[in-house]
Amino acid sequence: MADLHYQVFPNKGEGQDMTRIEDFNEYPTIMRFYQELDIIRALQKMPLDYLRDNAGAFKNLIEALSYSHGENVGSIRRGNEEEFIHFSDWLDHTWEELGFENGDETSNIFRVTIDDVANEYPGWEEEARKRDMENSILMNALHELCSTHQILSEVTQSDVYKRGSEVTAEYLVAEIIVQLANHVSDKKDDVKTICEKLGSVVADLRTSVAELTRNSVSAALDMSGDNGLTLKKLLPPGLIRANQRPS
């Protein structure tokens, strides 16, 4: 059976650079969607013997991942659902190889498709299409800001930036806000210009992308301490949550 497993689901083998289960210990309970992708891609490259030797930790990680994925079904799209379905198939084979019973109780969640979500929530697919369109508009604006303003050059080296469409815009916004806070004293004019450009884009958004962006801005400001408080004074209303705007 193990030979069949490797034929159907080949892996790169264990090596010094192999991602290990404990590498995901610090991931949050409800993960970012790209973090889920990190896990499923890494797991499928791990040798079966390694998973067998770490069966308890593997099972715990799958349980955490399945819970997170259930909370993240709104991020399922036609472009990514097949990858999760393939992972579910791999997981079924792996459960069998490891002798785990009732494995399908955790693997089935990864077979949920965008059609399943749309059937459960009528009109959801059209709403998702609108959100994706606005997310794309915002992402294009963010990439343009990063490519045209030197103080954002460090952002272009971040993992979030390099992932492109796998990451939704609010996460890249957070990276930018933190970087702006770092330069709010020595590059104030540049920071203000970037904030105004970003604010004008967000102000035109009409879906939940706008509120997610404002939430992300708020969290990034909190992370930035005193610099965040200084930066907040430069932000246009479009980047500040309604309940935090000056009266």
# chains A, B, ... in the order shown; residues from 1 in each chain; ligands from 1

$ residues_around --residues "His183 (chain A)" --least-positions-apart "3" --cutoff "12 Å" --atoms "only C-alpha atoms" --output "PDB file with N, CA, C and O atoms, in the first residue's frame"
ATOM      1  N   GLN A 150      10.081  54.860  -3.150  1.00  0.00           N
ATOM      2  CA  GLN A 150      11.264  54.195  -2.626  1.00  0.00           C
ATOM      3  C   GLN A 150      11.073  53.705  -1.194  1.00  0.00           C
ATOM      4  O   GLN A 150      11.587  52.645  -0.811  1.00  0.00           O
ATOM      5  N   ILE A 151      10.322  54.444  -0.391  1.00  0.00           N
ATOM      6  CA  ILE A 151      10.188  54.053   1.016  1.00  0.00           C
ATOM      7  C   ILE A 151       9.381  52.760   1.192  1.00  0.00           C
ATOM      8  O   ILE A 151       9.362  52.184   2.279  1.00  0.00           O
ATOM      9  N   LEU A 152       8.760  52.299   0.112  1.00  0.00           N
ATOM     10  CA  LEU A 152       8.022  51.035   0.163  1.00  0.00           C
ATOM     11  C   LEU A 152       8.798  49.883  -0.468  1.00  0.00           C
ATOM     12  O   LEU A 152       8.251  48.789  -0.636  1.00  0.00           O
ATOM     13  N   GLU A 154      11.042  47.985   0.711  1.00  0.00           N
ATOM     14  CA  GLU A 154      11.148  46.816   1.590  1.00  0.00           C
ATOM     15  C   GLU A 154       9.892  45.947   1.518  1.00  0.00           C
ATOM     16  O   GLU A 154       9.966  44.719   1.677  1.00  0.00           O
ATOM     17  N   ILE A 176       2.206  47.763   4.212  1.00  0.00           N
ATOM     18  CA  ILE A 176       2.487  49.134   3.782  1.00  0.00           C
ATOM     19  C   ILE A 176       2.329  50.105   4.949  1.00  0.00           C
ATOM     20  O   ILE A 176       3.164  51.006   5.139  1.00  0.00           O
ATOM     21  N   ILE A 177       1.282  49.951   5.725  1.00  0.00           N
ATOM     22  CA  ILE A 177       1.047  50.859   6.850  1.00  0.00           C
ATOM     23  C   ILE A 177       2.187  50.772   7.864  1.00  0.00           C
ATOM     24  O   ILE A 177       2.666  51.797   8.379  1.00  0.00           O
ATOM     25  N   VAL A 178       2.642  49.568   8.163  1.00  0.00           N
ATOM     26  CA  VAL A 178       3.763  49.406   9.090  1.00  0.00           C
ATOM     27  C   VAL A 178       5.001  50.106   8.554  1.00  0.00           C
ATOM     28  O   VAL A 178       5.736  50.787   9.294  1.00  0.00           O
ATOM     29  N   GLN A 179       5.243  49.973   7.258  1.00  0.00           N
ATOM     30  CA  GLN A 179       6.414  50.609   6.652  1.00  0.00           C
ATOM     31  C   GLN A 179       6.276  52.136   6.672  1.00  0.00           C
ATOM     32  O   GLN A 179       7.250  52.854   6.942  1.00  0.00           O
ATOM     33  N   LEU A 180       5.079  52.639   6.409  1.00  0.00           N
ATOM     34  CA  LEU A 180       4.858  54.083   6.469  1.00  0.00           C
ATOM     35  C   LEU A 180       5.076  54.605   7.884  1.00  0.00           C
ATOM     36  O   LEU A 180       5.628  55.699   8.074  1.00  0.00           O
ATOM     37  N   ASP A 186      10.882  60.808   9.241  1.00  0.00           N
ATOM     38  CA  ASP A 186      11.928  61.261   8.323  1.00  0.00           C
ATOM     39  C   ASP A 186      11.444  61.451   6.878  1.00  0.00           C
ATOM     40  O   ASP A 186      12.123  62.115   6.089  1.00  0.00           O
ATOM     41  N   LYS A 187      10.286  60.881   6.533  1.00  0.00           N
ATOM     42  CA  LYS A 187       9.771  61.002   5.167  1.00  0.00           C
ATOM     43  C   LYS A 187       8.298  61.426   5.187  1.00  0.00           C
ATOM     44  O   LYS A 187       7.478  60.879   4.444  1.00  0.00           O
ATOM     45  N   LYS A 188       7.991  62.394   5.989  1.00  0.00           N
ATOM     46  CA  LYS A 188       6.591  62.743   6.247  1.00  0.00           C
ATOM     47  C   LYS A 188       5.834  63.113   4.978  1.00  0.00           C
ATOM     48  O   LYS A 188       4.686  62.693   4.790  1.00  0.00           O
ATOM     49  N   ASP A 189       6.454  63.880   4.083  1.00  0.00           N
ATOM     50  CA  ASP A 189       5.756  64.304   2.863  1.00  0.00           C
ATOM     51  C   ASP A 189       5.432  63.109   1.969  1.00  0.00           C
ATOM     52  O   ASP A 189       4.321  63.007   1.424  1.00  0.00           O
ATOM     53  N   ASP A 190       6.399  62.212   1.815  1.00  0.00           N
ATOM     54  CA  ASP A 190       6.161  61.015   1.013  1.00  0.00           C
ATOM     55  C   ASP A 190       5.067  60.159   1.639  1.00  0.00           C
ATOM     56  O   ASP A 190       4.200  59.621   0.939  1.00  0.00           O
ATOM     57  N   VAL A 191       5.128  60.008   2.956  1.00  0.00           N
ATOM     58  CA  VAL A 191       4.127  59.214   3.661  1.00  0.00           C
ATOM     59  C   VAL A 191       2.741  59.788   3.449  1.00  0.00           C
ATOM     60  O   VAL A 191       1.778  59.056   3.175  1.00  0.00           O
ATOM     61  N   LYS A 192       2.628  61.085   3.555  1.00  0.00           N
ATOM     62  CA  LYS A 192       1.329  61.735   3.386  1.00  0.00           C
ATOM     63  C   LYS A 192       0.793  61.536   1.970  1.00  0.00           C
ATOM     64  O   LYS A 192      -0.405  61.267   1.773  1.00  0.00           O
ATOM     65  N   ILE A 194       1.444  59.051  -0.109  1.00  0.00           N
ATOM     66  CA  ILE A 194       1.023  57.651  -0.266  1.00  0.00           C
ATOM     67  C   ILE A 194      -0.310  57.420   0.424  1.00  0.00           C
ATOM     68  O   ILE A 194      -1.205  56.756  -0.119  1.00  0.00           O
ATOM     69  N   SER A 224       2.287  49.535  15.562  1.00  0.00           N
ATOM     70  CA  SER A 224       3.380  50.478  15.293  1.00  0.00           C
ATOM     71  C   SER A 224       3.633  51.462  16.425  1.00  0.00           C
ATOM     72  O   SER A 224       4.455  52.378  16.281  1.00  0.00           O
ATOM     73  N   ASN A 227       4.705  55.617  16.587  1.00  0.00           N
ATOM     74  CA  ASN A 227       4.735  55.975  15.165  1.00  0.00           C
ATOM     75  C   ASN A 227       3.360  55.771  14.531  1.00  0.00           C
ATOM     76  O   ASN A 227       2.958  56.533  13.647  1.00  0.00           O
ATOM     77  N   GLY A 228       2.647  54.748  14.997  1.00  0.00           N
ATOM     78  CA  GLY A 228       1.298  54.509  14.493  1.00  0.00           C
ATOM     79  C   GLY A 228       0.358  55.642  14.863  1.00  0.00           C
ATOM     80  O   GLY A 228      -0.489  56.052  14.063  1.00  0.00           O
ATOM     81  N   THR A 230       1.217  58.732  15.350  1.00  0.00           N
ATOM     82  CA  THR A 230       1.590  59.879  14.499  1.00  0.00           C
ATOM     83  C   THR A 230       1.052  59.698  13.084  1.00  0.00           C
ATOM     84  O   THR A 230       0.516  60.641  12.484  1.00  0.00           O
ATOM     85  N   LEU A 231       1.186  58.483  12.555  1.00  0.00           N
ATOM     86  CA  LEU A 231       0.709  58.214  11.202  1.00  0.00           C
ATOM     87  C   LEU A 231      -0.798  58.381  11.108  1.00  0.00           C
ATOM     88  O   LEU A 231      -1.310  58.886  10.093  1.00  0.00           O
TER      89      LEU A 231
END

$ closest_residue --among "A:His69, A:His149, A:Arg41, A:Arg241" --to "Ser216 (chain A)" --atoms "only C-alpha atoms"
A:Arg241

$ closest_residue --among "A:Ala181, A:Val201, A:Val160, A:Met31" --to "Met223 (chain A)" --atoms "only C-alpha atoms"
A:Ala181

$ select_by_dssp --residues "region 8-196 of chain A" --states "helix (DSSP H, G or I)" --output "PyMOL selection string"
chain A and resi 8+21-24+33-43+48-53+55-71+73-75+81-98+104-111+114-120+124-148+150-152+155-157+159-162+164-166+169-182+188-196

$ residues_around --residues "Arg206 (chain A)" --least-positions-apart "5" --cutoff "10 Å" --atoms "only C-alpha atoms" --output "JSON, numbers by chain"
{"A": [130, 131, 134, 211]}

$ write_last_selection --atoms "N, CA and C atoms" --output "PDB file, in the first residue's frame"
ATOM      1  N   LYS A 130     -17.848  40.401  -7.103  1.00  0.00           N
ATOM      2  CA  LYS A 130     -17.664  41.845  -6.907  1.00  0.00           C
ATOM      3  C   LYS A 130     -16.504  42.133  -5.953  1.00  0.00           C
ATOM      4  N   ARG A 131     -16.418  41.341  -4.884  1.00  0.00           N
ATOM      5  CA  ARG A 131     -15.312  41.520  -3.942  1.00  0.00           C
ATOM      6  C   ARG A 131     -13.971  41.250  -4.613  1.00  0.00           C
ATOM      7  N   GLU A 134     -12.971  44.182  -6.771  1.00  0.00           N
ATOM      8  CA  GLU A 134     -12.459  45.318  -5.998  1.00  0.00           C
ATOM      9  C   GLU A 134     -11.113  44.983  -5.351  1.00  0.00           C
ATOM     10  N   GLU A 211     -13.998  47.699   4.239  1.00  0.00           N
ATOM     11  CA  GLU A 211     -13.981  47.575   5.693  1.00  0.00           C
ATOM     12  C   GLU A 211     -12.855  46.660   6.162  1.00  0.00           C
TER      13      GLU A 211
END

$ residues_around --residues "Ile40 (chain A)" --least-positions-apart "2" --cutoff "12 Å" --atoms "only C-alpha atoms" --output "VMD selection string"
chain A and resid 19 to 21 24 33 to 38 42 to 46 58 61 to 62 65 to 66 69 83 to 91 107 110

$ write_last_selection --atoms "N, CA and C atoms" --output "compact mmCIF listing (two decimals), in the first residue's frame"
# COMPACT_ATOMS: atom_id res chain seq x y z
N THR A 19 10.04 21.25 5.12
CA THR A 19 9.16 21.85 6.11
C THR A 19 8.66 20.76 7.04
N ARG A 20 8.61 21.08 8.33
CA ARG A 20 8.19 20.10 9.32
C ARG A 20 6.91 20.55 10.01
N ILE A 21 6.22 19.61 10.61
CA ILE A 21 4.92 19.91 11.21
C ILE A 21 5.03 21.02 12.23
N PHE A 24 4.51 24.94 11.79
CA PHE A 24 3.20 25.60 11.74
C PHE A 24 2.59 25.81 13.12
N PHE A 33 -5.88 32.45 4.41
CA PHE A 33 -6.10 31.39 3.43
C PHE A 33 -4.79 30.91 2.82
N TYR A 34 -3.84 31.83 2.61
CA TYR A 34 -2.58 31.40 2.02
C TYR A 34 -1.77 30.56 3.01
N GLN A 35 -2.04 30.71 4.32
CA GLN A 35 -1.38 29.85 5.29
C GLN A 35 -1.91 28.42 5.19
N GLU A 36 -3.19 28.30 4.91
CA GLU A 36 -3.74 26.96 4.67
C GLU A 36 -3.06 26.32 3.46
N LEU A 37 -2.87 27.11 2.42
CA LEU A 37 -2.19 26.60 1.23
C LEU A 37 -0.76 26.17 1.56
N ASP A 38 -0.08 26.96 2.41
CA ASP A 38 1.27 26.58 2.84
C ASP A 38 1.27 25.18 3.44
N ALA A 42 2.93 21.74 1.92
CA ALA A 42 4.06 21.18 2.67
C ALA A 42 3.77 19.74 3.09
N LEU A 43 2.57 19.47 3.58
CA LEU A 43 2.24 18.12 4.05
C LEU A 43 2.38 17.09 2.94
N GLN A 44 1.96 17.45 1.74
CA GLN A 44 1.99 16.48 0.65
C GLN A 44 3.41 16.18 0.17
N LYS A 45 4.38 16.97 0.63
CA LYS A 45 5.78 16.72 0.30
C LYS A 45 6.50 15.91 1.39
N MET A 46 5.82 15.73 2.52
CA MET A 46 6.46 15.03 3.64
C MET A 46 6.39 13.52 3.42
N PHE A 58 0.63 15.27 13.49
CA PHE A 58 -0.01 15.36 12.18
C PHE A 58 -1.53 15.41 12.32
N LEU A 61 -2.62 18.76 13.66
CA LEU A 61 -2.52 19.82 12.66
C LEU A 61 -3.69 19.74 11.68
N ILE A 62 -4.05 18.53 11.26
CA ILE A 62 -5.17 18.37 10.33
C ILE A 62 -6.47 18.84 10.98
N LEU A 65 -6.38 22.55 10.91
CA LEU A 65 -6.53 23.02 9.54
C LEU A 65 -7.97 22.87 9.06
N SER A 66 -8.62 21.77 9.39
CA SER A 66 -10.00 21.56 8.95
C SER A 66 -10.93 22.57 9.61
N HIS A 69 -10.33 25.86 7.82
CA HIS A 69 -10.89 25.84 6.46
C HIS A 69 -12.41 25.98 6.49
N GLU A 83 -7.26 22.36 -5.81
CA GLU A 83 -6.07 22.04 -5.01
C GLU A 83 -6.48 21.44 -3.66
N PHE A 84 -7.56 21.94 -3.09
CA PHE A 84 -8.03 21.40 -1.82
C PHE A 84 -8.68 20.03 -2.00
N ILE A 85 -9.38 19.83 -3.11
CA ILE A 85 -9.97 18.52 -3.38
C ILE A 85 -8.87 17.47 -3.53
N HIS A 86 -7.82 17.82 -4.25
CA HIS A 86 -6.68 16.91 -4.40
C HIS A 86 -6.07 16.61 -3.03
N PHE A 87 -5.96 17.62 -2.18
CA PHE A 87 -5.43 17.41 -0.84
C PHE A 87 -6.32 16.46 -0.04
N SER A 88 -7.63 16.59 -0.21
CA SER A 88 -8.56 15.70 0.48
C SER A 88 -8.35 14.26 0.05
N ASP A 89 -8.13 14.04 -1.25
CA ASP A 89 -7.84 12.69 -1.74
C ASP A 89 -6.55 12.16 -1.13
N TRP A 90 -5.52 13.02 -1.12
CA TRP A 90 -4.24 12.63 -0.52
C TRP A 90 -4.43 12.29 0.96
N LEU A 91 -5.25 13.07 1.63
CA LEU A 91 -5.46 12.86 3.06
C LEU A 91 -6.15 11.52 3.32
N SER A 107 -11.34 15.11 6.38
CA SER A 107 -10.94 15.36 4.98
C SER A 107 -12.08 15.92 4.14
N PHE A 110 -12.46 19.66 3.02
CA PHE A 110 -11.61 20.18 1.94
C PHE A 110 -12.20 19.90 0.55

$ residues_around --residues "Met139 (chain A)" --least-positions-apart "2" --cutoff "10 Å" --atoms "only C-alpha atoms" --output "list in words"
Met133, Glu134, Asn135, Ser136, Ile137, Ala141, Leu142, His143, Glu144, Leu145, Tyr161, Gly164, Ser165, Val167, Thr168, Ala169, Glu170, Leu172 and Val173 of chain A

$ atom_distance --atom1 "CA of Arg163 (chain A)" --atom2 "CA of Arg32 (chain A)"
12.6 Å

$ residues_around --residues "Leu235 (chain A)" --least-positions-apart "3" --cutoff "8 Å" --atoms "only C-alpha atoms" --output "VMD selection string"
chain A and resid 192 195 to 196 199 231 to 232 238 to 240

$ write_last_selection --atoms "all heavy atoms" --output "PDB file, in the first residue's frame"
ATOM      1  N   LYS A 192       2.628  61.085   3.555  1.00  0.00           N
ATOM      2  CA  LYS A 192       1.329  61.735   3.386  1.00  0.00           C
ATOM      3  C   LYS A 192       0.793  61.536   1.970  1.00  0.00           C
ATOM      4  O   LYS A 192      -0.405  61.267   1.773  1.00  0.00           O
ATOM      5  CB  LYS A 192       1.431  63.221   3.704  1.00  0.00           C
ATOM      6  CG  LYS A 192       0.092  63.940   3.721  1.00  0.00           C
ATOM      7  CD  LYS A 192       0.242  65.379   4.179  1.00  0.00           C
ATOM      8  CE  LYS A 192      -1.120  66.079   4.227  1.00  0.00           C
ATOM      9  NZ  LYS A 192      -0.997  67.487   4.680  1.00  0.00           N
ATOM     10  N   CYS A 195      -0.481  57.983   1.615  1.00  0.00           N
ATOM     11  CA  CYS A 195      -1.739  57.821   2.349  1.00  0.00           C
ATOM     12  C   CYS A 195      -2.914  58.410   1.574  1.00  0.00           C
ATOM     13  O   CYS A 195      -4.007  57.823   1.531  1.00  0.00           O
ATOM     14  CB  CYS A 195      -1.637  58.491   3.722  1.00  0.00           C
ATOM     15  SG  CYS A 195      -0.591  57.624   4.894  1.00  0.00           S
ATOM     16  N   GLU A 196      -2.704  59.542   0.963  1.00  0.00           N
ATOM     17  CA  GLU A 196      -3.769  60.186   0.193  1.00  0.00           C
ATOM     18  C   GLU A 196      -4.152  59.344  -1.023  1.00  0.00           C
ATOM     19  O   GLU A 196      -5.336  59.181  -1.344  1.00  0.00           O
ATOM     20  CB  GLU A 196      -3.334  61.588  -0.232  1.00  0.00           C
ATOM     21  CG  GLU A 196      -3.262  62.574   0.936  1.00  0.00           C
ATOM     22  CD  GLU A 196      -2.668  63.910   0.539  1.00  0.00           C
ATOM     23  OE1 GLU A 196      -2.129  64.008  -0.597  1.00  0.00           O
ATOM     24  OE2 GLU A 196      -2.733  64.854   1.342  1.00  0.00           O
ATOM     25  N   GLY A 199      -5.931  56.239   0.251  1.00  0.00           N
ATOM     26  CA  GLY A 199      -7.256  56.608   0.753  1.00  0.00           C
ATOM     27  C   GLY A 199      -8.255  56.849  -0.356  1.00  0.00           C
ATOM     28  O   GLY A 199      -9.433  56.487  -0.233  1.00  0.00           O
ATOM     29  N   LEU A 231       1.186  58.483  12.555  1.00  0.00           N
ATOM     30  CA  LEU A 231       0.709  58.214  11.202  1.00  0.00           C
ATOM     31  C   LEU A 231      -0.798  58.381  11.108  1.00  0.00           C
ATOM     32  O   LEU A 231      -1.310  58.886  10.093  1.00  0.00           O
ATOM     33  CB  LEU A 231       1.113  56.801  10.782  1.00  0.00           C
ATOM     34  CG  LEU A 231       0.616  56.328   9.411  1.00  0.00           C
ATOM     35  CD1 LEU A 231       1.137  57.236   8.307  1.00  0.00           C
ATOM     36  CD2 LEU A 231       1.043  54.879   9.165  1.00  0.00           C
ATOM     37  N   LYS A 232      -1.517  57.971  12.121  1.00  0.00           N
ATOM     38  CA  LYS A 232      -2.980  58.052  12.092  1.00  0.00           C
ATOM     39  C   LYS A 232      -3.460  59.473  11.819  1.00  0.00           C
ATOM     40  O   LYS A 232      -4.484  59.679  11.160  1.00  0.00           O
ATOM     41  CB  LYS A 232      -3.555  57.540  13.412  1.00  0.00           C
ATOM     42  CG  LYS A 232      -5.076  57.460  13.419  1.00  0.00           C
ATOM     43  CD  LYS A 232      -5.591  56.833  14.702  1.00  0.00           C
ATOM     44  CE  LYS A 232      -7.116  56.754  14.702  1.00  0.00           C
ATOM     45  NZ  LYS A 232      -7.621  56.123  15.955  1.00  0.00           N
ATOM     46  N   GLY A 238     -11.020  57.856   4.534  1.00  0.00           N
ATOM     47  CA  GLY A 238     -11.282  56.587   3.862  1.00  0.00           C
ATOM     48  C   GLY A 238     -10.483  55.418   4.400  1.00  0.00           C
ATOM     49  O   GLY A 238     -10.820  54.265   4.141  1.00  0.00           O
ATOM     50  N   LEU A 239      -9.419  55.684   5.158  1.00  0.00           N
ATOM     51  CA  LEU A 239      -8.585  54.624   5.707  1.00  0.00           C
ATOM     52  C   LEU A 239      -8.841  54.372   7.189  1.00  0.00           C
ATOM     53  O   LEU A 239      -8.188  53.519   7.789  1.00  0.00           O
ATOM     54  CB  LEU A 239      -7.097  54.961   5.511  1.00  0.00           C
ATOM     55  CG  LEU A 239      -6.587  54.972   4.069  1.00  0.00           C
ATOM     56  CD1 LEU A 239      -5.107  55.320   4.027  1.00  0.00           C
ATOM     57  CD2 LEU A 239      -6.825  53.622   3.401  1.00  0.00           C
ATOM     58  N   ILE A 240      -9.784  55.104   7.759  1.00  0.00           N
ATOM     59  CA  ILE A 240     -10.042  54.985   9.193  1.00  0.00           C
ATOM     60  C   ILE A 240     -11.449  54.441   9.409  1.00  0.00           C
ATOM     61  O   ILE A 240     -12.411  54.890   8.771  1.00  0.00           O
ATOM     62  CB  ILE A 240      -9.903  56.355   9.892  1.00  0.00           C
ATOM     63  CG1 ILE A 240      -8.495  56.918   9.656  1.00  0.00           C
ATOM     64  CG2 ILE A 240     -10.170  56.220  11.392  1.00  0.00           C
ATOM     65  CD1 ILE A 240      -8.302  58.319  10.215  1.00  0.00           C
TER      66      ILE A 240
END
